[in-house]
Amino acid sequence: MMSGLFLWWLAELAHASDPFGKAAPIEIPPDPSAPAEIAAPTEGILTGRVLEFGSGLPVSGTFQCDGAEPAPLDEKGRFTCTLASGSHEVTVEGPDHKAQSTVEMMVAGETLEVIYRLERYSWAETIIVYGESKREEVSRQVFTAEELSRVPGAMGDPIRALQALPGVARPAGLEGGIVVRGAEALNTATYIDEVPVPYLFHFFFGRSVINPTVINDIEFFAGGMPSRFGDSTQAVVNARTLDLEPKPGWHGKIGVSLMDFSISGEGRLAKHWTWQGAYRVSWIGALIGVGARIYAYSQGIRGERPGYPSISYTDYLARIAYENGPDRLVLTGLGSRDILKFVPPRYDQDGDGKLDPPEESPLPYDPNQLMNTGFHRIHLRWDRKLDGREETTWIATGPDAQGSLFEGIGTLTDGVELGQLTGWSFLGKRSDRFPMPDGSAVRTGIDFQLQPVRVEDYHSVSSTGRATITKDQRTTFAGYIEWQKTIGKAFLSPGFRGSAHAFNGDTWLEPEPRLTFRYQLHPRWTLTSFVGRFSQIPPADRYANGLGNPNLSLITAWQLSSGLEGRWSNGLEIDVSIYGSRSDNLVVKDQRVIVAPPAEAGEFGDFDAEDWDGGPQPAQTQVIPTYNSVTGYAFGLDGMIRLRPRGPWFGWVALTLGRSLRVDDDGNVELSNYDTPFNFVAVAAADLPRDWRISGKARLTTGYPYTPLHGVYDAQYDTWSAITGDTNSERFGWFSQVDLRVDKTWTKKRARVTMYFDIMNVFNTSNWLVATYNTKYTKLQKSFSIPITPDFGLEVAY
Amino acid sequence: MQRLLLPFFFLLVQTACFYRDGDLTTMALDCQIDRPRVLAISTFPQVFQHGTPVLYDALIVAPDGAAPDRISVDVCGLLPDQLSNVYGTDCFKEEDYVTHLADEVPFWWEPPDQSAIECTEPSDTDWDVWGCTSIVPLLIRADFGDTPAFGSFSMAVYAIPGLAEMVELPTVSLTAEGSPVAGGDILLRSESDVLPDSSGWRWYVDAGELSGTGRTADNTTDPAFISENTLHIPEDWHGPLRVFVVVQAPSSNGVPQGWANLTLEVP
């Protein structure tokens with residue numbers, strides 16, 4: 001019954017001419033006091049409001065009804081025209097907004113009430129790209145920054161909001177990471193304007209490394225990537241920032257939240273020159289330091305400085321662009337830095353009235369610098385569009401660093417453990433699209449990545465005093481060609497990518513054929529299919545000596561998917577896909593035990609052998625992290641019903657039913673860490689009167705698998721220890737969470753102030769996040785779950 | 001403010017989640033046989049060296065008196081040509097280091113010949129012997145359907161002939177005074193022919209409450225060779241109700257444990 005009603009609602013929604021952009025005609029009731037004899041009316045009244053798309057704020061501009069003189073909109077964006085029966089063209093525009101013309105059908109004696117929504121020039125938080133109508137891939141979704149930044153629980157971060165899409169696993173904690181269709185996060189390649197970057201999220205808080213104000217849209221492939229993307233075996237996230245179209249003048253925006261401060265701006269320097277910049281810096285670390293000192297002072301502590309943990313992150317983007325005719329030249333600098341450190345306490349032990357200098361560590365690294373991660377890129381890009389031909393050439397370079405002194409931390413599993421990775425990236429790409437005389441098109445391109453890296457493993461420091469160092473030259477050269485042809489109702493795009501990978505002393509030549517097929521069953525319904533092969537170099541820390549497994553090989557994968565798309569002019573979209581994949585040499589993290597000779601033992605082998613005369617030194621056991629090469633299988637169904645932002649509200653419902661398995665060399669079948677058989681997400685956002693906006697998100701998923709521990713009773717000492725059970729053989733309880741977000745905007749002259757209040761986990765649901773066993777290892781108990789968590793911020797745009 | 005504190009709570013949790021305190025209350029009250037358990041292990045003699053067979057036994061119990069479907073006894077990290085100190089049970093993850101000993105208890109096992117290891121000649125002191133010793137864990141696994149029970153102890157294996165520690169296994173008796181009735185109390189009394197070590201007496205029951213000291217009774221009881229306990233039988237318990245008591249003799253090696261049990265018939 002419910003499903004029938006739902007389908008009826010969908011059908012009604014789909015067949016409505018435009019239920020969201022304009023209100024239905026209003027019938028005016030007869031006036032009983034009016035004279036009985038009135039001539040039949042010959043005109044109708046067109047009345048309505050002009051609002052800014054996205055923010056819903058009234059536009060200050062003009063309206064023009066059917067060739068009449070332009071008239072100003074009032075302060076609420078209202079207008080009224082009296083028009084003869086028939087069709088009329090209405091044009092509305094504003095100095096900050098793009099003009100829009102619409103043909104309205106007037107009926108004599110009736111009032112037609114409408115709402116027009118104008119797209120603002122590319123500035124502030126309403127940078128909008130209407131989803132691209134031309135579809136050449138199977139699993140691509142383009143979301144506007146406006147849509148994603150209003151997803152509650154994402155802290156206004158459009159990239160983080162991707163975690164609410166079908167096929168994407170929920171994060172284990174607050175951190176980011178786009179885990180798609182049960183693969184590891186490292187199998188999702190991350191790009192900014194197609195330039196590879198090592199990560200997209202600051203650690204801990206999960207804010208993305210790009211200021212949201214400069215993001216135009218985000219291109220997301222859950223699979224089925226076209227040939228222009230390489231070095232990824234599951235998914236691609238490409239944040240696009242290059243659609244510069246600023247209005248005259250310079251404009252800026254300042255944002256303040258509990259965590260950080262951000263500033264951004266853009267403008268036109270001259271006729272052909274534009275600039276753009278954004279910077280964000282956290283102040284949470286400084287706040288903690290001040291708080292620690294105030295607390296110490298309140299406790300009567302004098303003459304010493306308390307220790308405290310300090311977290312800081314920064315990111316920036318600076319850009320200058322030259323555009324003239326078919327050519328556009330863009331120079332961009334961008335980067336990110338994350339530091340987590342413990343600021344040690346300082347004392348005045350010698351009594352000289354001054355704090356003693358910090359003690360120097362004998363270790364080859366700073367033991368207080370717990371995490372140190374960052375990257376920088378200089379990116380020069382040249383685009384040319386001429387006679388239907390498109391050319392893009394770019395080069396980029398910059399340093400990379402990833403360092404962590406943590407080990408086995410459940411929420412930080414994707415990255416270096418107790419080690420440091422440093423390197424430099426040299427990247428480049430050339431791509432062309434040639435229109436062919438028969439209406440088809442050919443895409444070609446070449447790209448390369450050169451990455452000299454150095455990996456330091458600190459596990460050996462306690463026994464040898466030295467870090468184990470691995471140096472490697474990671475190299476990828478690739479070329480691709482893709483033919484795009486429409487034959488009747490079918491679109492066919494066979495492609496071939498050839499990749500040459502070199503790392504860890506070995507070289508691979510990989511053919512990567514890919515085929516995309518689309519067939520229009522009906523004006524609204526399209527059948528899609530994809531099959532293709534992919535390859536990817538594992539991260540350097542995973543095959544480095546000591547820190548990783550030097551025997552790892554190139555990761556390869558086959559993907560197959562087929563689906564159905566439905567599209568309606570009012571913005572309603574339905575996507576359903578079934579997918580399957582096989583990945584070889586997939587890298588998964590595990591632990592292994594070694595019984596190491598004394599010289600290699602770490603934890604217990606640090607005594608001086610020369611002073612030992614009691615016999616031969618014994619070997620010791622060590623539990624060390626390791627990375628295994630397994631075969632991965634994933635299959636399932638994901639679907640989404642989405643209403644694009646064409647009216648006062650938008651949202652989507654996403655459902656994924658899937659499995660993700662791992663098979664080791666011995667044939668043992670285990671669940672992937674992110675195996676999620678059921679994943680449901682619903683997102684809705686609406687504009688309210690008086691410039692209020694509200695949005696909500698609800699998620700219900702199965703819990704993640706975990707490896708159980710069994711209690712071992714030590715009969716000798718009457719104590720309990722634990723032994724690990726079968727990998728991922730148990731599963732946490734269901735995960736459910738509801739998030740809400742409220743925005744309010746005030747506009748005064750050219751300035752606009754937006755306040756937002758984002759509440760994560762509104763119902764304070766206690767989900768499994770960190771769990772520990774009881775003393776006997778008979779019961780797993782929740783140690784910590786994310787409670788109801790408010791976020792508050794203020795943004796001022798000029 | 002809550003958001004402000006969240007990351008630091010994370011830090012706290014991350015550093016603390018691998019630490020588990022003793023939870024003495026839970027341990028002391030862990031007297032019920034509510035799951036399959038290995039309650040005790042015994043070895044005799046208390047010396048582990050090539051040429052000296054050792055008898056190993058274990059007290060393995062489960063609710064309703066179920067017997068294990070499978071038993072496996074293994075030792076990990078014992079290398080033929082290298083001394084090793086292996087602590088804990090992580091070592092059993094790596095099959096290459098595991099030596100399978102038996103599929104049942106009790107059983108006899110004799111450590112392998114490790115004379116290839118170059119050790120200093122033994123003198124009159126224990127020091128030289130311990131300097132030529134491997135410390136390895138022994139693990140007993142008993143499977144009851146899908147539910148495993150584990151017991152272990154740390155075993156010092158001498159690569160050169162050691163000082164044989166001939167600690168006798170305790171002989172333990174267990175009696176009950178009075179008639180067991182649902183909802184009533186019954187006095188339990190155990191005697192041992194040796195003075196228990198510092199861990200004292202360990203009491204286990206199918207159900208009910210052991211009043212006073214839970215499963216343990218300190219060994220300051222006078223006389224010290226006797227431990228008494230009172231069992232409060234649940235009001236809804238009818239049928240057999242088992243009681244176990246375990247005593248360990250003092251020893252610097254091995255597990256010289258003895259045990260006794262009785263079954264009360266609750267009408």
# chains A, B, ... in the order shown; residues from 1 in each chain; ligands from 1

$ closest_atom_pairs --of "chain B" --to "chain A" --cutoff "6 Å" --atoms "only C-alpha atoms" --output "CSV"
residue,atom,partner,partner_atom,distance
B:Arg3,CA,A:Thr789,CA,5.8
B:Ala40,CA,A:Ala715,CA,5.5
B:Leu83,CA,A:Pro618,CA,4.4
B:Ser84,CA,A:Ala619,CA,4.2
B:Asn85,CA,A:Gln620,CA,5.1
B:Val86,CA,A:Thr621,CA,5.5
B:Cys91,CA,A:Val593,CA,5.9
B:Cys119,CA,A:Gly615,CA,5.6
B:Thr120,CA,A:Gly615,CA,5.8
B:Gly131,CA,A:Gly615,CA,5.1
B:Phe150,CA,A:Val712,CA,4.7
B:Gly151,CA,A:Tyr713,CA,4.6
B:Ser152,CA,A:Asp714,CA,4.9
B:Phe153,CA,A:Asp714,CA,5.3
B:Val255,CA,A:Gln716,CA,5.7

$ write_last_selection --atoms "C-alpha atoms" --output "JSON list (two decimals), in the first residue's frame"
[["chain", "number", "residue", "atom", "x", "y", "z"],
["B", 3, "ARG", "CA", 32.38, 20.21, 20.21],
["B", 40, "ALA", "CA", 42.46, -24.48, 35.93],
["B", 83, "LEU", "CA", 66.06, -18.75, 22.91],
["B", 84, "SER", "CA", 62.89, -16.73, 22.91],
["B", 85, "ASN", "CA", 60.84, -14.71, 25.33],
["B", 86, "VAL", "CA", 57.26, -14.67, 24.19],
["B", 91, "CYS", "CA", 52.14, -15.11, 18.98],
["B", 119, "CYS", "CA", 74.52, -21.51, 26.62],
["B", 120, "THR", "CA", 76.95, -21.04, 29.46],
["B", 131, "GLY", "CA", 69.83, -17.33, 31.37],
["B", 150, "PHE", "CA", 40.78, -20.43, 26.32],
["B", 151, "GLY", "CA", 43.26, -21.02, 29.10],
["B", 152, "SER", "CA", 46.95, -20.38, 29.15],
["B", 153, "PHE", "CA", 50.04, -20.12, 31.24],
["B", 255, "VAL", "CA", 51.02, -24.49, 37.41]]

$ select_by_dssp --residues "segment 50-202 of chain B" --states "strand (DSSP E)" --output "ChimeraX atom specification"
/B:54-61,70-76,84-85,98-102,107-109,133-144,147-158,172-177,185-192,201-202

$ residues_around --residues "Asp143 of chain B" --least-positions-apart "6" --cutoff "7 Å" --atoms "only C-alpha atoms" --output "list in words"
Pro68, Asp69, Arg70, Ile71 and Ala149 of chain B

$ closest_residue --among "B:Leu174, B:Ile33, B:Ala224, B:Ala159" --to "His50 of chain B" --atoms "only C-alpha atoms"
B:Ala159

$ atom_distance --atom1 "atom CA of Ser190 of chain B" --atom2 "atom CA of Ser227 of chain B"
5.3 Å

$ atom_distance --atom1 "atom CA of Leu51 of chain A" --atom2 "atom CA of Arg117 of chain A"
4.8 Å

$ atom_distance --atom1 "atom CA of Phe244 of chain B" --atom2 "atom CA of Met166 of chain B"
25.4 Å

$ residues_around --residues "Ala797 of chain A" --least-positions-apart "5" --cutoff "7 Å" --atoms "only C-alpha atoms" --output "mmCIF file with C-alpha atoms, in the first residue's frame"
data_model
loop_
_atom_site.group_PDB
_atom_site.id
_atom_site.type_symbol
_atom_site.label_atom_id
_atom_site.label_comp_id
_atom_site.auth_asym_id
_atom_site.auth_seq_id
_atom_site.Cartn_x
_atom_site.Cartn_y
_atom_site.Cartn_z
ATOM 1 C CA ALA A 124 29.973 33.644 -2.362
ATOM 2 C CA GLY A 252 35.333 39.094 -0.094
ATOM 3 C CA LYS A 253 34.001 36.813 2.535
ATOM 4 C CA ILE A 254 34.978 36.156 6.116
ATOM 5 C CA ALA A 751 27.003 43.070 2.654
ATOM 6 C CA ARG A 752 25.395 39.836 3.617
ATOM 7 C CA VAL A 753 25.650 38.104 6.958
#

$ residues_around --residues "Arg319 of chain A" --least-positions-apart "4" --cutoff "6 Å" --atoms "only C-alpha atoms" --output "PyMOL selection string"
chain A and resi 275-276+331-332

$ residues_around --residues "segment 175-184 of chain B" --least-positions-apart "6" --cutoff "7 Å" --atoms "only C-alpha atoms" --output "PyMOL selection string"
chain B and resi 190+232-238+264-267
